[in-house]
Structures are given as C-alpha cells and as structure tokens.
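Trainee: File protein_3.tsv below, TSV, C-alpha atoms:
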```tsv
chain	number	residue	atom	x	y	z
M	1	MET	CA	0.00	0.00	0.00
M	2	VAL	CA	2.81	2.41	0.87
M	3	LEU	CA	4.50	1.63	-2.45
M	4	MET	CA	1.30	2.30	-4.38
M	5	ALA	CA	0.85	5.64	-2.58
M	6	GLN	CA	4.41	6.67	-3.45
M	7	HIS	CA	3.83	5.82	-7.10
M	8	ARG	CA	0.60	7.82	-7.02
M	9	ASP	CA	2.35	10.88	-5.51
M	10	VAL	CA	5.08	10.70	-8.16
M	11	ALA	CA	2.47	10.49	-10.92
M	12	LEU	CA	0.58	13.47	-9.52
M	13	ASP	CA	3.81	15.47	-9.31
M	14	ASP	CA	4.62	14.60	-12.94
M	15	LEU	CA	1.16	15.59	-14.07
M	16	LYS	CA	1.34	18.86	-12.16
M	17	GLY	CA	4.71	19.68	-13.69
M	18	SER	CA	3.51	18.89	-17.18
M	19	GLN	CA	0.59	21.27	-16.68
M	20	ASP	CA	2.74	24.07	-15.25
M	21	TYR	CA	5.25	24.24	-18.11
M	22	PRO	CA	2.76	24.97	-20.92
M	23	ASP	CA	1.36	27.88	-18.91
M	24	CYS	CA	4.84	29.30	-18.55
M	25	ASP	CA	5.46	28.78	-22.26
M	26	VAL	CA	2.24	30.59	-23.21
M	27	GLU	CA	3.04	33.51	-20.95
M	28	GLY	CA	6.53	33.67	-22.37
M	29	GLN	CA	5.20	33.58	-25.91
M	30	LEU	CA	2.73	36.36	-25.14
M	31	ARG	CA	5.45	38.50	-23.59
M	32	GLY	CA	7.69	37.83	-26.57
M	33	THR	CA	4.90	38.69	-29.02
M	34	GLU	CA	4.12	41.92	-27.22
M	35	ALA	CA	7.78	42.84	-27.11
M	36	ASN	CA	8.20	42.14	-30.83
M	37	ARG	CA	5.05	44.05	-31.63
M	38	GLY	CA	6.19	47.02	-29.63
M	39	SER	CA	9.64	47.03	-31.19
M	40	ARG	CA	8.19	46.61	-34.67
M	41	TYR	CA	5.89	49.59	-34.34
M	42	HIS	CA	8.63	51.61	-32.69
M	43	THR	CA	11.06	51.11	-35.56
M	44	ARG	CA	8.46	52.03	-38.20
M	45	ARG	CA	7.14	55.13	-36.48
M	46	ARG	CA	8.35	58.42	-37.90
M	47	PRO	CA	8.23	61.83	-36.29
M	48	PHE	CA	5.61	64.25	-37.53
M	49	ASN	CA	6.44	65.93	-40.87
M	50	GLN	CA	9.45	63.69	-41.48
M	51	ASP	CA	10.06	61.69	-44.63
M	52	GLU	CA	12.76	59.34	-45.84
M	53	PHE	CA	15.01	62.22	-46.95
M	54	ASP	CA	15.37	63.41	-43.34
M	55	GLY	CA	17.14	60.17	-42.41
M	56	PRO	CA	20.52	58.81	-43.47
M	57	SER	CA	21.24	59.48	-47.13
M	58	GLN	CA	24.06	59.80	-49.62
M	59	TYR	CA	25.06	62.09	-52.48
M	60	LEU	CA	26.27	60.81	-55.82
M	61	PRO	CA	29.66	61.96	-57.12
M	62	LEU	CA	29.58	64.96	-59.42
M	63	PRO	CA	29.74	64.11	-63.14
M	64	LEU	CA	32.95	64.73	-64.99
M	65	PRO	CA	33.12	68.10	-66.81
M	66	GLN	CA	33.09	66.48	-70.26
M	67	GLN	CA	30.05	64.40	-69.32
M	68	ASP	CA	28.17	67.42	-68.07
M	69	HIS	CA	29.12	69.44	-71.15
M	70	SER	CA	27.85	66.76	-73.56
M	71	ARG	CA	24.46	66.68	-71.84
M	72	ALA	CA	24.10	70.44	-71.45
M	73	GLN	CA	24.00	71.19	-75.18
M	74	LEU	CA	20.92	72.49	-76.95
M	75	LEU	CA	18.19	69.87	-77.18
M	76	PRO	CA	18.08	68.24	-80.62
M	77	GLU	CA	15.09	68.99	-82.84
M	78	LEU	CA	12.79	66.02	-83.20
M	79	PRO	CA	11.37	65.27	-86.66
M	80	VAL	CA	8.15	67.11	-87.63
M	81	HIS	CA	6.41	66.23	-90.90
M	82	LEU	CA	2.84	67.36	-90.12
M	83	ASN	CA	1.75	70.98	-90.06
M	84	PRO	CA	-0.38	72.35	-87.16
M	85	THR	CA	-3.63	72.10	-89.17
M	86	GLU	CA	-3.05	68.42	-89.89
M	87	GLN	CA	-2.17	67.76	-86.27
M	88	ASP	CA	-5.36	69.50	-85.11
M	89	GLU	CA	-7.41	67.32	-87.44
M	90	ILE	CA	-5.75	64.14	-86.15
M	91	MET	CA	-6.41	65.22	-82.57
M	92	ARG	CA	-10.04	66.05	-83.41
M	93	ARG	CA	-10.63	62.66	-85.00
M	94	THR	CA	-8.98	60.87	-82.08
M	95	ASN	CA	-11.14	62.77	-79.60
M	96	ASN	CA	-14.34	62.02	-81.54
M	97	ILE	CA	-13.58	58.30	-81.67
M	98	LEU	CA	-12.82	58.19	-77.95
M	99	SER	CA	-15.93	60.23	-77.09
M	100	GLU	CA	-18.09	57.75	-78.99
M	101	CYS	CA	-16.28	54.92	-77.19
M	102	ALA	CA	-16.91	56.44	-73.76
M	103	PHE	CA	-20.56	57.25	-74.58
M	104	HIS	CA	-21.22	53.66	-75.65
M	105	PHE	CA	-19.44	52.21	-72.61
M	106	ILE	CA	-21.30	54.38	-70.08
M	107	SER	CA	-24.61	53.81	-71.85
M	108	LYS	CA	-24.11	50.05	-72.09
M	109	TYR	CA	-23.50	49.57	-68.37
M	110	GLN	CA	-25.83	52.39	-67.27
M	111	PHE	CA	-23.25	54.31	-65.25
M	112	PRO	CA	-24.56	57.61	-63.82
M	113	VAL	CA	-23.67	60.89	-65.51
M	114	PRO	CA	-23.87	63.77	-63.00
M	115	LEU	CA	-25.89	66.77	-64.12
M	116	GLU	CA	-23.88	69.97	-64.30
M	117	ARG	CA	-25.06	73.54	-64.26
M	118	GLU	CA	-24.79	75.53	-67.47
M	119	LYS	CA	-24.42	72.29	-69.42
M	120	PRO	CA	-27.18	70.46	-71.28
M	121	SER	CA	-28.09	66.87	-70.54
M	122	VAL	CA	-26.05	64.34	-72.48
M	123	ARG	CA	-27.88	62.96	-75.49
M	124	THR	CA	-24.99	62.24	-77.86
M	125	ALA	CA	-21.25	61.71	-77.53
M	126	ALA	CA	-20.63	65.18	-78.97
M	127	ASP	CA	-22.34	66.83	-75.98
M	128	ARG	CA	-19.09	66.44	-74.04
M	129	GLU	CA	-15.45	66.82	-75.03
M	130	TRP	CA	-13.22	63.79	-74.74
M	131	THR	CA	-11.41	65.35	-71.77
M	132	GLU	CA	-14.76	65.59	-69.97
M	133	TRP	CA	-15.53	61.96	-70.78
M	134	ALA	CA	-12.08	60.99	-69.51
M	135	TYR	CA	-12.65	62.84	-66.22
M	136	LEU	CA	-16.01	61.10	-65.84
M	137	LEU	CA	-14.55	57.65	-66.49
M	138	LYS	CA	-11.74	58.34	-64.06
M	139	ARG	CA	-14.17	59.39	-61.31
M	140	LEU	CA	-16.32	56.33	-61.93
M	141	ALA	CA	-13.25	54.10	-61.66
M	142	THR	CA	-11.80	55.72	-58.53
M	143	LYS	CA	-15.23	55.72	-56.85
M	144	ARG	CA	-15.45	51.98	-57.60
M	145	ARG	CA	-18.51	52.42	-59.76
M	146	ILE	CA	-16.86	50.51	-62.63
M	147	PRO	CA	-16.41	46.81	-61.81
M	148	ALA	CA	-13.09	45.42	-62.97
M	149	ARG	CA	-14.80	42.52	-64.72
M	150	VAL	CA	-16.15	44.81	-67.50
M	151	LEU	CA	-12.61	45.92	-68.43
M	152	TYR	CA	-9.97	44.14	-70.44
M	153	ASP	CA	-8.07	41.76	-68.15
M	154	ASN	CA	-9.66	43.47	-65.09
M	155	GLN	CA	-7.15	46.34	-65.38
M	156	ILE	CA	-8.97	48.99	-63.35
M	157	LYS	CA	-5.77	50.67	-62.10
M	158	GLN	CA	-4.33	50.73	-65.61
M	159	LEU	CA	-7.50	52.44	-66.83
M	160	VAL	CA	-7.07	55.27	-64.32
M	161	THR	CA	-3.41	55.73	-65.26
M	162	THR	CA	-4.16	55.71	-69.00
M	163	LEU	CA	-6.96	58.25	-68.58
M	164	GLU	CA	-4.71	60.53	-66.53
M	165	ASN	CA	-2.05	60.42	-69.24
M	166	SER	CA	-4.66	61.17	-71.91
M	167	ILE	CA	-5.94	64.19	-69.97
M	168	ALA	CA	-2.44	65.54	-69.31
M	169	THR	CA	-1.41	65.10	-72.96
M	170	ARG	CA	-4.39	67.04	-74.27
M	171	GLN	CA	-4.05	69.79	-71.69
M	172	SER	CA	-0.43	70.27	-72.74
M	173	MET	CA	-1.35	70.32	-76.42
M	174	ASN	CA	-4.22	72.78	-75.88
M	175	LYS	CA	-1.90	75.06	-73.91
M	176	ASP	CA	0.65	75.08	-76.73
M	177	GLN	CA	-2.08	75.78	-79.29
M	178	GLY	CA	-3.16	78.87	-77.37
M	179	SER	CA	0.34	80.33	-77.23
M	180	PRO	CA	1.35	83.14	-79.63
M	181	LYS	CA	4.21	81.05	-81.03
M	182	GLN	CA	2.39	77.88	-81.94
M	183	LYS	CA	4.72	75.05	-82.83
M	184	SER	CA	3.96	71.67	-84.28
M	185	LYS	CA	4.46	68.67	-82.08
M	186	ASP	CA	7.01	66.11	-83.17
M	187	ASP	CA	5.92	63.01	-85.06
M	188	ARG	CA	6.41	60.68	-82.10
M	189	TYR	CA	4.13	62.81	-79.96
M	190	ILE	CA	1.27	62.62	-82.48
M	191	LEU	CA	1.66	58.87	-82.89
M	192	GLN	CA	1.79	58.47	-79.12
M	193	LEU	CA	-1.45	60.45	-78.83
M	194	ILE	CA	-3.24	57.98	-81.09
M	195	SER	CA	-1.59	55.01	-79.43
M	196	ALA	CA	-2.72	56.13	-75.97
M	197	GLY	CA	-6.27	56.45	-77.30
M	198	THR	CA	-6.03	52.91	-78.63
M	199	GLN	CA	-5.09	51.69	-75.16
M	200	VAL	CA	-8.18	53.37	-73.70
M	201	ALA	CA	-10.40	51.69	-76.29
M	202	LYS	CA	-8.75	48.35	-75.57
M	203	LEU	CA	-9.32	48.65	-71.81
M	204	LEU	CA	-12.97	49.49	-72.48
M	205	MET	CA	-13.10	46.50	-74.88
M	206	ASP	CA	-14.41	48.51	-77.83
M	207	SER	CA	-13.30	46.73	-81.00
M	208	LEU	CA	-14.80	49.36	-83.33
M	209	ALA	CA	-12.92	52.23	-81.68
M	210	MET	CA	-9.71	50.20	-81.71
M	211	GLU	CA	-10.11	49.51	-85.42
M	212	GLN	CA	-10.76	53.18	-86.20
M	213	LEU	CA	-7.80	54.37	-84.15
M	214	ASN	CA	-5.54	51.73	-85.63
M	215	HIS	CA	-6.51	52.89	-89.13
M	216	LEU	CA	-5.80	56.50	-88.14
M	217	TYR	CA	-2.43	55.50	-86.70
M	218	THR	CA	-1.47	53.54	-89.82
M	219	HIS	CA	-2.49	56.39	-92.13
M	220	THR	CA	-0.66	59.00	-90.04
M	221	GLU	CA	2.48	56.90	-89.82
M	222	ALA	CA	2.45	56.29	-93.58
M	223	THR	CA	2.11	60.05	-94.23
M	224	ILE	CA	5.04	60.79	-91.92
M	225	LEU	CA	7.27	58.15	-93.54
M	226	ASP	CA	6.37	59.35	-97.07
M	227	ARG	CA	7.21	62.95	-96.26
M	228	ARG	CA	10.40	61.91	-94.51
M	229	HIS	CA	11.44	60.13	-97.71
M	230	GLN	CA	10.55	63.20	-99.80
M	231	ALA	CA	12.56	65.41	-97.45
M	232	ARG	CA	15.62	63.22	-97.91
M	233	VAL	CA	15.30	63.24	-101.67
M	234	THR	CA	14.54	66.93	-102.19
M	235	GLY	CA	16.11	68.36	-99.06
M	236	ARG	CA	12.85	70.16	-98.28
M	237	HIS	CA	11.40	70.34	-94.78
M	238	PHE	CA	7.70	70.47	-94.01
```
As structure tokens, what does this structure read like?
Mentor:
Amino acid sequence: MVLMAQHRDVALDDLKGSQDYPDCDVEGQLRGTEANRGSRYHTRRRPFNQDEFDGPSQYLPLPLPQQDHSRAQLLPELPVHLNPTEQDEIMRRTNNILSECAFHFISKYQFPVPLEREKPSVRTAADREWTEWAYLLKRLATKRRIPARVLYDNQIKQLVTTLENSIATRQSMNKDQGSPKQKSKDDRYILQLISAGTQVAKLLMDSLAMEQLNHLYTHTEATILDRRHQARVTGRHF
C-alpha cells in the first residue's frame, strides 16, 4: 500500500509539472509577441512631418566636366512632318472616336452621368469633349462604380493611369495651341497620342474604336514616312 501511494504521488507530481510548463510557455510567448510588436511599431514610427530624406542618405559623385558638357548642349530637334492644321485634325478625329467609345461604354452599363449647371443633358457623344468623358470615367473608376470585370483583363488601375495620361497630354497640347508662337508637335508625340487612345479603347473593350484608331495610326504613320522620304530626296522640310 505504501509503495502504491508513493507511485501515485510521483504520478501526480509529474502531471502537475507537465501542466505548469505549458502555462509558462504561453506567458513567455505572449510576452515575446508583445515585445516584438512594440519594437516593430517603434522602428516604423516616424516623427511628424518627417520623410525618408530626413534620415541617413548619400550624395552621388559629381559628373565629370566632359560628361556634363555633352548633356548640357541644346536639345536636338525632333522630326516634324505634319503641319499644325493636320495635327489639329488628327487630334479632333482621335477625340471624336474616344468620345463615342466612352458614350457607348457608359450607356451600355448604365453608369450615372452627373448633371452639371450651365451644361445640357447628355444625349450624344458630342455633348461632351473627350477630356470631360475621360474625367467622368476616371471618377467612376476611382469611386469603384466601374467593376473590374467589365474591363480588359480586369485592369482597373491601368484604366485610371491611362486616362490621366490622356488628360495631361491634351491639356499640354491645348496650352501650346493657345500660345502666340504655336509650334507643331514632333511626329512621335502625335503617334503616341493615337496610341494612348487605342489603349483606352482596348481597356474598355471597344473593337470598333480600336479599329478606327488603328486605321488612323497607320495612315498618319504612312504620311510621316512618305514625307520623310521626300525630305531626304529633295532636301525640303515640311
């Protein structure tokens, strides 16, 4: 009987010890987690009005004089083979195609068009400029009114970026057109304008608009290449 009691006491002691250790481990883990959490937040916290440039940084070595001189020359003139009237017509056609594309897209999915004072209700695509349609599409996308599933490859963020670039490009071009010394944009700029519009039509999955813009791009590129060839042969600049 005494031997059985001793074995029972030893078993109880073992059971008690096995129950005590997990509690200690849990408390230790909690303390360790809290310590790590505190240190993690402490290292990421920045003082008010401080950015990454207020911390440790470096300065690159100054360029060599000959390197700086070669890059500080007058900017080279980029090729221009379209006169301002032709460029205006290309921009007008691009804007009309994109306006029709936006009108169809918004009408198809019944997205809301806010009413604006001093502007008539929208009945046709021509009732708004392409820049206005672009702003509307951008607001619809950023307000999560446009579901990603209705766009090509669900690229909702790419749509916003493409629309922003389209707006900025046209604002820059309109500003230059209003200046006293109006200058033609270079050929690459005009082709990029059409190409950006094609990307918008692709994201909105409008095959007709893509086909029209692709035809305009091909025709414009062919005109530029033909005049470039003529300029080389005759030495005449457009």
Trainee: Please produce, as JSON lines, a per-residue contact table for range 125-225 of chain M versus range 84-108 of chain M (criterion: any atom at most 6 Å away, only C-alpha atoms considered), showing the nearest atom pair and its distance in Å to one decimal, sorted by chain then residue number.
Mentor:
```
{"residue": "M:Ala125", "atom": "CA", "partner": "M:Glu100", "partner_atom": "CA", "distance": 5.3}
{"residue": "M:Trp130", "atom": "CA", "partner": "M:Ser99", "partner_atom": "CA", "distance": 5.1}
{"residue": "M:Ser184", "atom": "CA", "partner": "M:Pro84", "partner_atom": "CA", "distance": 5.3}
```
Trainee: Hey, what's within 6 Å of Ile224 in chain M if we count only C-alpha atoms and toss same-chain stuff fewer than 3 positions away? As a PyMOL selection string, please?
Mentor: chain M and resi 81+221+227
Trainee: If I take CA of Leu151 in chain M and CA of Val113 in chain M, how far is one from the other in Å, to one decimal?
Mentor: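 Atom-to-atom, CA of Leu151 in chain M and CA of Val113 in chain M are spaced 18.8 Å apart.
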Trainee: Residues near Gln155 in chain M, anyone? I mean within 9 Å using only C-alpha atoms, not counting same-chain ones fewer than 6 positions away, as an MDAnalysis selection string.
Mentor: chainID M and resid 148:149 203
Trainee: How close does each residue of range 144-233 of chain M get to range 70-80 of chain M, giving the shortest atom pair and distance in Å to one decimal for every residue with an atom at most 12 Å away, counting only C-alpha atoms, sorted by chain and residue number, as CSV?
Mentor:
```
residue,atom,partner,partner_atom,distance
M:Lys183,CA,M:Val80,CA,9.9
M:Ser184,CA,M:Val80,CA,7.0
M:Lys185,CA,M:Val80,CA,6.8
M:Asp186,CA,M:Val80,CA,4.7
M:Asp187,CA,M:Val80,CA,5.3
M:Arg188,CA,M:Pro79,CA,8.2
M:Tyr189,CA,M:Val80,CA,9.7
M:Ile190,CA,M:Val80,CA,9.7
M:Leu191,CA,M:Val80,CA,11.5
M:Glu221,CA,M:Val80,CA,11.9
M:Thr223,CA,M:Val80,CA,11.4
M:Ile224,CA,M:Val80,CA,8.2
M:Leu225,CA,M:Pro79,CA,10.7
M:Arg227,CA,M:Val80,CA,9.6
M:Arg228,CA,M:Pro79,CA,8.6
M:Ala231,CA,M:Pro79,CA,10.9
```
Trainee: For CA of Met210 in chain M and CA of Leu163 in chain M, determine how far apart the two atoms are, in Å to one decimal place.
Mentor: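 According to the coordinates, CA of Met210 in chain M and CA of Leu163 in chain M are separated by 15.6 Å.
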Trainee: Can you tell me, as a list in words, which residues sit within 12 Å of (-1.1, 59.4, -69.4) in the file's frame, using only C-alpha atoms?
Mentor: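 Answer for this query, in the requested form: Ala134, Lys138, Gln158, Leu159, Val160, Thr161, Thr162, Leu163, Glu164, Asn165, Ser166, Ile167, Ala168, Thr169, Arg170, Gln171, Ser172, Gln192, Leu193, Ile194, Ser195, Ala196, Gly197, Gln199 and Val200 of chain M.
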Trainee: Quick one, how far is CA of Ile146 in chain M from CA of Glu118 in chain M?
Mentor: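 A separation of 26.7 Å between them.
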Trainee: Taking 2 positions as the minimum chain separation for residues in the same chain, which residues sit within 12 Å of Pro147 in chain M when counting all atoms listed in the file? Answer as an MDAnalysis selection string.
Mentor: chainID M and resid 109 111 137 140:145 149:157 159 204
Trainee: Could you get me a file of range 188-204 of chain M with N, CA, C and O atoms, as a PDB file, in the first residue's frame, taken from the block above?
Mentor:
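Contents of the output file decode27.pdb:
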```pdb
ATOM      1  N   ARG M 188       6.606  61.704 -83.130  1.00  0.00           N
ATOM      2  CA  ARG M 188       6.411  60.678 -82.104  1.00  0.00           C
ATOM      3  C   ARG M 188       5.289  61.067 -81.146  1.00  0.00           C
ATOM      4  O   ARG M 188       4.549  60.209 -80.668  1.00  0.00           O
ATOM      5  N   TYR M 189       5.173  62.346 -80.876  1.00  0.00           N
ATOM      6  CA  TYR M 189       4.126  62.815 -79.965  1.00  0.00           C
ATOM      7  C   TYR M 189       2.747  62.548 -80.555  1.00  0.00           C
ATOM      8  O   TYR M 189       1.844  62.083 -79.857  1.00  0.00           O
ATOM      9  N   ILE M 190       2.571  62.830 -81.833  1.00  0.00           N
ATOM     10  CA  ILE M 190       1.271  62.617 -82.482  1.00  0.00           C
ATOM     11  C   ILE M 190       0.932  61.131 -82.521  1.00  0.00           C
ATOM     12  O   ILE M 190      -0.202  60.724 -82.229  1.00  0.00           O
ATOM     13  N   LEU M 191       1.908  60.305 -82.866  1.00  0.00           N
ATOM     14  CA  LEU M 191       1.663  58.869 -82.894  1.00  0.00           C
ATOM     15  C   LEU M 191       1.367  58.330 -81.490  1.00  0.00           C
ATOM     16  O   LEU M 191       0.536  57.432 -81.317  1.00  0.00           O
ATOM     17  N   GLN M 192       2.037  58.889 -80.493  1.00  0.00           N
ATOM     18  CA  GLN M 192       1.788  58.467 -79.116  1.00  0.00           C
ATOM     19  C   GLN M 192       0.378  58.867 -78.671  1.00  0.00           C
ATOM     20  O   GLN M 192      -0.268  58.134 -77.923  1.00  0.00           O
ATOM     21  N   LEU M 193      -0.094  60.006 -79.149  1.00  0.00           N
ATOM     22  CA  LEU M 193      -1.447  60.453 -78.830  1.00  0.00           C
ATOM     23  C   LEU M 193      -2.482  59.442 -79.314  1.00  0.00           C
ATOM     24  O   LEU M 193      -3.410  59.066 -78.577  1.00  0.00           O
ATOM     25  N   ILE M 194      -2.316  58.977 -80.540  1.00  0.00           N
ATOM     26  CA  ILE M 194      -3.243  57.984 -81.092  1.00  0.00           C
ATOM     27  C   ILE M 194      -3.088  56.648 -80.374  1.00  0.00           C
ATOM     28  O   ILE M 194      -4.073  55.969 -80.059  1.00  0.00           O
ATOM     29  N   SER M 195      -1.849  56.278 -80.096  1.00  0.00           N
ATOM     30  CA  SER M 195      -1.587  55.005 -79.429  1.00  0.00           C
ATOM     31  C   SER M 195      -2.205  54.970 -78.038  1.00  0.00           C
ATOM     32  O   SER M 195      -2.768  53.946 -77.618  1.00  0.00           O
ATOM     33  N   ALA M 196      -2.115  56.075 -77.302  1.00  0.00           N
ATOM     34  CA  ALA M 196      -2.722  56.134 -75.972  1.00  0.00           C
ATOM     35  C   ALA M 196      -4.235  55.986 -76.059  1.00  0.00           C
ATOM     36  O   ALA M 196      -4.864  55.333 -75.224  1.00  0.00           O
ATOM     37  N   GLY M 197      -4.835  56.607 -77.092  1.00  0.00           N
ATOM     38  CA  GLY M 197      -6.271  56.448 -77.297  1.00  0.00           C
ATOM     39  C   GLY M 197      -6.641  55.006 -77.595  1.00  0.00           C
ATOM     40  O   GLY M 197      -7.684  54.518 -77.143  1.00  0.00           O
ATOM     41  N   THR M 198      -5.789  54.321 -78.338  1.00  0.00           N
ATOM     42  CA  THR M 198      -6.031  52.907 -78.633  1.00  0.00           C
ATOM     43  C   THR M 198      -6.020  52.078 -77.362  1.00  0.00           C
ATOM     44  O   THR M 198      -6.809  51.135 -77.209  1.00  0.00           O
ATOM     45  N   GLN M 199      -5.139  52.417 -76.434  1.00  0.00           N
ATOM     46  CA  GLN M 199      -5.087  51.695 -75.165  1.00  0.00           C
ATOM     47  C   GLN M 199      -6.366  51.900 -74.351  1.00  0.00           C
ATOM     48  O   GLN M 199      -6.854  50.977 -73.698  1.00  0.00           O
ATOM     49  N   VAL M 200      -6.914  53.112 -74.390  1.00  0.00           N
ATOM     50  CA  VAL M 200      -8.182  53.373 -73.698  1.00  0.00           C
ATOM     51  C   VAL M 200      -9.285  52.505 -74.295  1.00  0.00           C
ATOM     52  O   VAL M 200     -10.059  51.857 -73.572  1.00  0.00           O
ATOM     53  N   ALA M 201      -9.380  52.496 -75.623  1.00  0.00           N
ATOM     54  CA  ALA M 201     -10.404  51.691 -76.291  1.00  0.00           C
ATOM     55  C   ALA M 201     -10.233  50.211 -75.985  1.00  0.00           C
ATOM     56  O   ALA M 201     -11.217  49.472 -75.834  1.00  0.00           O
ATOM     57  N   LYS M 202      -8.995  49.760 -75.887  1.00  0.00           N
ATOM     58  CA  LYS M 202      -8.745  48.350 -75.565  1.00  0.00           C
ATOM     59  C   LYS M 202      -9.215  48.020 -74.164  1.00  0.00           C
ATOM     60  O   LYS M 202      -9.861  46.982 -73.937  1.00  0.00           O
ATOM     61  N   LEU M 203      -8.905  48.895 -73.189  1.00  0.00           N
ATOM     62  CA  LEU M 203      -9.322  48.647 -71.814  1.00  0.00           C
ATOM     63  C   LEU M 203     -10.837  48.641 -71.682  1.00  0.00           C
ATOM     64  O   LEU M 203     -11.394  47.899 -70.863  1.00  0.00           O
ATOM     65  N   LEU M 204     -11.508  49.469 -72.493  1.00  0.00           N
ATOM     66  CA  LEU M 204     -12.972  49.489 -72.481  1.00  0.00           C
ATOM     67  C   LEU M 204     -13.561  48.417 -73.377  1.00  0.00           C
ATOM     68  O   LEU M 204     -14.785  48.335 -73.524  1.00  0.00           O
TER      69      LEU M 204
END
```
